[in-house]
Each structure stands twice: as structure tokens, then as C-alpha cells.
Protein chains: 2
Amino acid sequence: MSDTPDSKPMGAGRQLLFLREEELRLAQDLLFFGYRDFTAGPDALLAEINMGRAHHRVLHFVGRRPGITVGELLSILGITKQSLGRVLTPLIEDGYVVQAHGRNDRRQRLLSLTPKGQELERKLFERQREWVMRAYREAGPVAVEGFRRVMRGLMGAEARAQLDRAEPAQGTGLPIGPSRSVA
Amino acid sequence: MSDTPDSKPMGAGRQLLFLREEELRLAQDLLFFGYRDFTAGPDALLAEINMGRAHHRVLHFVGRRPGITVGELLSILGITKQSLGRVLTPLIEDGYVVQAHGRNDRRQRLLSLTPKGQELERKLFERQREWVMRAYREAGPVAVEGFRRVMRGLMGAEARAQLDRAEPAQGTGLPIGPSRSVA
DNA sequence: TTTTTGGGTCAGTCTTGTTGACACATTAAA
DNA sequence: TTTAATGTGTCAACAAGACTGACCCAAAAA
């Protein structure tokens with residue numbers, strides 16, 4: 001929006017360029033196409049066994065945090081329990097996920113993957129793993145670190161907190177390009 | 001996949017680390033949360049006027065390429081014409097989008113935004129603009145360049161070609177971290 | 001003992017995607 | 001010029017995944 005009107009052709013100009021509308025519209029495009037193609041692999045696999053992306057999400061987050069409670073899962077996914085129920089119940093009935101009573105609080109249902117569930121999750125993961133690995137390799141380590149920083153920034157404070165709670169600082173947060181842009 | 005089998009403890013080790021499973025699972029998380037929160041702003045606005053994300057996509061891509069044909073739009077969105085019809089028809093009826101016959105091929109319907117459509121698109125854009133700008137600022141220019149490189153890599157070849165056709169190399173494709181990782 | 005919490009479920013609705021089948025005008029080909 | 005092929009529209013039916021609202025139950029907390 002604002003910004004020193006003209007100033008020197010370089011310097012502040014870089015900042016202007018950096019934030020100009022076209023660059024932000026490009027971000028919209030990149031996120032749309034990128035996310036769509038990122039999910040395409042697993043989606044195809046899931047379709048074969050009559051499941052959808054929602055099932056994958058459950059498998060992913062339960063696999064990531066075995067023993068997670070239904071409530072925690074709900075808060076991570078940001079959906080209602082009715083919505084979760086429609087995918088979780090079949091996953092349990094079909095033997096992909098198991099429930100256990102909480103030891104301290106017997107009302108809780110602690111979720112975890114069965115071997116069958118782990119196997120499916122792994123297949124789905126492999127698809128995305130290869131896809132992301134290709135992108136990471138082509139872009140290089142510096143770019144990957146930048147990608148992580150920006151993606152974190154695109155997350156709301158809530159999601160960021162959840163992620164941090166779950167993973168002890170996986171690499172982002174330390175090195176590379178401190179925000180002192182302008183340069 | 002490949003990689004000089006063992007070699008020195010450092011060097012190739014870095015590459016190994018770089019691609020290890022946890023880092024790729026983190027990417028899954030980042031994309032899920034990041035994309036979700038990226039779309040949250042416009043979604044809220046759209047809900048107020050009884051529209052959805054699909055309407056936004058149409059406004060976005062028609063705004064980006066005025067005079068685009070229905071067929072081109074379909075191929076960009078990657079959906080069926082019936083799906084498109086359900087959002088496009090109302091947008092036309094409500095005066096957000098106009099159609100014109102193609103000059104060369106009168107079968108074509110060239111789409112563009114009305115002033116009303118431009119206004120709505122801009123409001124939606126402003127939401128995302130601020131959100132992305134915050135993320136970009138916090139991450140810094142180097143990170144942004146990396147973000148772009150990785151997102152491009154996450155796109156399928158088709159989508160990448162479409163994007164390139166539409167925009168003449170917006171900045172990514174030139175400088176920064178050449179893929180010669182290993183270091 | 002009463003209330004709150006964690007979880008489940010029934011019923012109905014909405015958006016956005018899908019197939020399949022036609023219809024119509026226009027352009028290209030035989 | 002007749003005959004495809006193409007670009008677009010549309011009806012109908014269906015599915016996934018999200019939502020709201022209303023209730024229910026068992027266990028934990030007050």
C-alpha cells in the first residue's frame with residue numbers, strides 16, 4: 001500500500017517489487033495448482049478403495065500421533081465431530097484404526113493405527129513422498145528452507161502452535177534469510 | 001532414490017538428512033495447514049454472499065485472463081463443464097461476469113469480469129494479499145524465492161506449462177540456490 | 001448429587017465435484 | 001454441399017465431505 005513514493009531506483013525499489021500485486025497473485029496461483037497436484041497422487045489411490053481425502057487426513061494425523069484423542073484430532077482437523085465420525089467410524093469398522101480407553105480418563109478414546117492402517121498410510125505417504133522429494137531436489141535445500149518459512153507464515157497462529165506442540169522444531173526457525181529484507 | 005551409497009559421514013549425510021522421512025511428513029503438515037488458512041479469509045467473505053471457493057476461482061482466473069474462453073477455463077480448473085456451469089451461470093446472471101462471442105470463432109464464449117465482478121474479486125484478493133504479505137515479510141525475500149521454487153515443483157508438468165503460458169516468468173526461474181545440494 | 005466433559009449418533013442441508021445423455025450453433029472436412 | 005467435429009449449455013442423478021441442531025450416554029469434576 002504505502003511506501004516511500006519514489007526514492008532511489010534500487011534499494012527500496014526492491015521492497016516495492018517484492019510486494020507488488022503481481023507477485024501476490026502469483027502466490028495464489030502457485031498455491032492453487034501446487035496444492036491440487038500435491039494431493040492428486042493419494043487421491044487416486046484412495047479412490048480405488050472407496051475412500052477420500054478426509055480418510056487420508058485421519059490416517060495421517062493418527063499415524064503421526066498414536067494415542068491421540070478424538071478431541072485433539074477434531075481440533076487439528078478443524079471439523080465437527082459429525083464430519084469426523086463419517087470417516088472415522090468406517091476406518092475403525094474396516095480395521096484401519098483402533099480405539100482404546102484413556103488410562104486416566106476413561107471417557108477418552110485413544111486412536112491409533114492397526115498394522116493394516118499403517119500399511120495404507122505408508123502407501124499414501126510414499127506417493128506424496130516421491131512427489132515432494134522431486135520438488136525438493138529440483139529446488140535445492142535453500143529453497144526448501146524458504147518454503148518452510150513461508151508455509152509456516154501462511155498458517156494461522158493456532159495451527160502454528162499445534163504444529164510446534166507436535167514437533168520439536170524440525171529445522172525451520174533457525175538459519176537462513178533473516179527478515180531484514182530491503183537490503 | 002539413488003545417492004552415492006555411503007561416502008564420507010558428512011557431505012552426503014546432509015543430503016540424506018535433507019530428505020529424511022520426517023522432513024517430508026512435515027511438508028504434508030505445512031501444506032495442509034497452510035493451504036487451509038490461506039483460503040480461510042476469502043471463504044469467510046464468500047459465505048456472507050452465499051458463494052463458495054469455486055466462485056472465487058472463477059473470478060480469480062477470469063480476472064487474470066480477461067477474454068478467456070470457457071474451454072481454457074475448464075482446462076485450468078481441471079473440472080467438468082457441468083461443475084463449472086453451476087458456478088459460472090449464477091455469476092453471469094448476477095452480473096459478475098460477462099460473455100462475448102469470439103471474433104474468429106463465434107462458438108466461443110469469451111469471459112471477463114464486469115466492474116461488479118472486479119470489485120468482488122478485489123475484495124477477496126485483498127484478504128489473501130494481506131495474509132500472504134505477512135507471511136512473505138516475516139520470511140524474507142530469500143525464503144519467498146525458495147517458496148516459489150518448491151511450489152512450482154509441486155505442480156504437475158501440465159499446470160506448470162499453463163502457468164508459464166500465462167505469465168512471462170515472474171521472477172522464479174533465475175537466481176538463488178541452484179539445486180547442487182550435497183554441498 | 002449435580003453438572004460438565006468427551007464422545008457418539010440421527011436427520012437434514014449445502015457446496016462442489018462426478019457421469020451420462022442430449023441439444024444447438026458453428027466451424028472444418030469430405 | 002452434405003457431413004463430421006468442436007465449443008458450449010443443460011437436465012438428471014449421485015457422491016464426498018462439510019455444516020447445524022438435537023439428543024444420548026458414561027465418566028469425571030464440582
# chains A, B, ... in the order shown; residues from 1 in each chain; ligands from 1
>>> select_by_dssp(residues="stretch 95-148 of chain A", states="alpha helix (DSSP H)", output="JSON, numbers by chain")
{"A": [115, 116, 117, 118, 119, 120, 121, 122, 123, 124, 125, 126, 127, 128, 129, 130, 131, 132, 133, 134, 135, 136, 137, 138, 139, 141, 142, 143, 144, 145, 146, 147, 148]}
>>> interface_residues(of="chain A", to="chain B", cutoff="8 Å", atoms="only C-alpha atoms", output="mmCIF file with C-alpha atoms, in the first residue's frame")
data_model
loop_
_atom_site.group_PDB
_atom_site.id
_atom_site.type_symbol
_atom_site.label_atom_id
_atom_site.label_comp_id
_atom_site.auth_asym_id
_atom_site.auth_seq_id
_atom_site.Cartn_x
_atom_site.Cartn_y
_atom_site.Cartn_z
ATOM 1 C CA PHE A 18 8.871 -7.744 -3.775
ATOM 2 C CA LEU A 19 5.420 -6.972 -2.591
ATOM 3 C CA GLU A 21 0.411 -7.152 -6.680
ATOM 4 C CA GLU A 23 3.765 -11.340 -7.042
ATOM 5 C CA LEU A 24 0.919 -11.922 -4.678
ATOM 6 C CA ARG A 25 -1.369 -13.076 -7.429
ATOM 7 C CA LEU A 26 1.330 -15.475 -8.473
ATOM 8 C CA ALA A 27 1.275 -16.842 -4.938
ATOM 9 C CA ASP A 29 -1.791 -19.470 -8.498
ATOM 10 C CA LEU A 30 1.096 -21.410 -7.040
ATOM 11 C CA LEU A 31 -0.880 -22.441 -4.011
ATOM 12 C CA PHE A 33 -2.021 -25.580 -8.549
ATOM 13 C CA GLY A 34 0.611 -26.793 -6.139
ATOM 14 C CA TYR A 35 -1.805 -27.995 -3.523
ATOM 15 C CA ARG A 36 -4.038 -29.614 -6.072
ATOM 16 C CA ASP A 37 -1.245 -31.608 -7.652
ATOM 17 C CA PHE A 38 0.279 -32.387 -4.280
ATOM 18 C CA ARG A 129 6.982 -38.513 -0.557
ATOM 19 C CA TRP A 131 6.321 -36.057 -5.346
ATOM 20 C CA VAL A 132 7.642 -33.735 -2.675
ATOM 21 C CA MET A 133 11.115 -35.203 -2.918
ATOM 22 C CA ARG A 134 11.262 -34.367 -6.581
ATOM 23 C CA ALA A 135 10.195 -30.805 -5.888
ATOM 24 C CA TYR A 136 12.674 -30.507 -3.032
ATOM 25 C CA ARG A 137 15.535 -31.879 -5.073
ATOM 26 C CA GLU A 138 14.859 -29.620 -8.006
ATOM 27 C CA ALA A 139 14.568 -26.582 -5.797
ATOM 28 C CA GLY A 140 17.532 -27.250 -3.542
ATOM 29 C CA PRO A 141 17.987 -27.026 0.243
ATOM 30 C CA VAL A 142 17.945 -23.252 0.448
ATOM 31 C CA ALA A 143 14.654 -23.098 -1.356
ATOM 32 C CA VAL A 144 13.218 -25.809 0.855
ATOM 33 C CA GLU A 145 14.067 -23.861 3.953
ATOM 34 C CA GLY A 146 12.382 -20.822 2.426
ATOM 35 C CA PHE A 147 9.360 -22.860 1.504
ATOM 36 C CA ARG A 148 9.004 -23.983 5.090
ATOM 37 C CA ARG A 149 9.283 -20.479 6.419
ATOM 38 C CA VAL A 150 6.632 -19.122 4.117
ATOM 39 C CA MET A 151 4.259 -22.016 4.675
ATOM 40 C CA ARG A 152 4.559 -21.533 8.404
ATOM 41 C CA GLY A 153 3.710 -17.904 7.888
ATOM 42 C CA LEU A 154 0.634 -18.845 5.913
ATOM 43 C CA MET A 155 -0.618 -20.845 8.859
ATOM 44 C CA GLY A 156 -2.780 -19.172 11.434
ATOM 45 C CA ALA A 159 -2.254 -24.081 13.616
ATOM 46 C CA LEU A 163 2.389 -27.881 14.913
ATOM 47 C CA GLN A 170 12.101 -29.697 12.762
ATOM 48 C CA ILE A 176 18.695 -18.613 6.603
ATOM 49 C CA GLY A 177 17.436 -15.264 5.324
ATOM 50 C CA PRO A 178 16.515 -13.219 8.373
ATOM 51 C CA SER A 179 13.580 -10.969 7.526
ATOM 52 C CA ARG A 180 15.806 -7.928 7.118
ATOM 53 C CA SER A 181 14.624 -7.539 3.552
#
>>> closest_atom_pairs(of="chain D", to="chain A", cutoff="9 Å", atoms="only C-alpha atoms (C1' of nucleotides)", output="CSV")
residue,atom,partner,partner_atom,distance
D:DA16,C1',A:Gly52,CA,7.2
D:DG17,C1',A:Ser83,CA,7.2
D:DA18,C1',A:Ser83,CA,6.6
D:DC19,C1',A:Thr80,CA,8.0
D:DA26,C1',A:Arg107,CA,7.1
D:DA27,C1',A:Arg107,CA,5.7
D:DA28,C1',A:Asp105,CA,7.5
>>> closest_residue(among="B:Leu91, B:Pro42, B:His101, B:Leu59", to="chain C", atoms="only C-alpha atoms (C1' of nucleotides)")
B:His101
>>> interface_residues(of="chain C", to="chain A", cutoff="9 Å", atoms="only C-alpha atoms (C1' of nucleotides)", output="list in words")
DT5, DG6, DG7, DG8 and DT9 of chain C
>>> write_last_selection(atoms="N, CA and C atoms (P, O5', C5', C4', C3', O3' and C1' of nucleotides)", output="CSV table (one decimal), in the first residue's frame")
chain,number,residue,atom,x,y,z
C,5,DT,P,-17.1,-27.9,31.0
C,5,DT,O5',-16.7,-29.4,30.5
C,5,DT,C5',-15.8,-30.1,31.3
C,5,DT,C4',-15.6,-31.5,30.7
C,5,DT,C3',-15.3,-31.4,29.2
C,5,DT,O3',-14.1,-32.2,29.0
C,5,DT,C1',-17.0,-33.0,29.7
C,6,DG,P,-13.4,-32.3,27.6
C,6,DG,O5',-13.8,-33.7,27.1
C,6,DG,C5',-13.2,-34.9,27.7
C,6,DG,C4',-13.6,-36.1,27.0
C,6,DG,C3',-13.4,-36.0,25.5
C,6,DG,O3',-12.8,-37.2,25.0
C,6,DG,C1',-15.6,-36.5,26.0
C,7,DG,P,-12.5,-37.4,23.5
C,7,DG,O5',-13.8,-38.0,23.0
C,7,DG,C5',-14.2,-39.3,23.5
C,7,DG,C4',-15.6,-39.7,23.0
C,7,DG,C3',-15.8,-39.7,21.5
C,7,DG,O3',-15.9,-41.1,21.1
C,7,DG,C1',-17.7,-38.9,22.7
C,8,DG,P,-16.2,-41.4,19.6
C,8,DG,O5',-17.8,-41.6,19.6
C,8,DG,C5',-18.4,-42.6,20.4
C,8,DG,C4',-19.9,-42.6,20.1
C,8,DG,C3',-20.2,-42.7,18.6
C,8,DG,O3',-21.1,-43.8,18.4
C,8,DG,C1',-21.5,-40.9,19.6
C,9,DT,P,-21.6,-44.2,17.0
C,9,DT,O5',-23.0,-43.4,16.8
C,9,DT,C5',-24.0,-43.6,17.8
C,9,DT,C4',-25.2,-42.8,17.3
C,9,DT,C3',-25.4,-42.8,15.8
C,9,DT,O3',-26.7,-43.1,15.5
C,9,DT,C1',-25.5,-40.7,16.6
>>> select_by_dssp(residues="stretch 61-154 of chain B", states="strand (DSSP E)", output="VMD selection string")
chain B and resid 68 to 69 97 to 101 109 to 113
>>> closest_residue(among="B:Leu111, B:Leu124, B:Ala166, B:Ala161", to="B:Leu45", atoms="only C-alpha atoms")
B:Leu124
>>> atom_distance(atom1="atom CA of A:His56", atom2="atom C1' of C:DA11")
26.3 Å
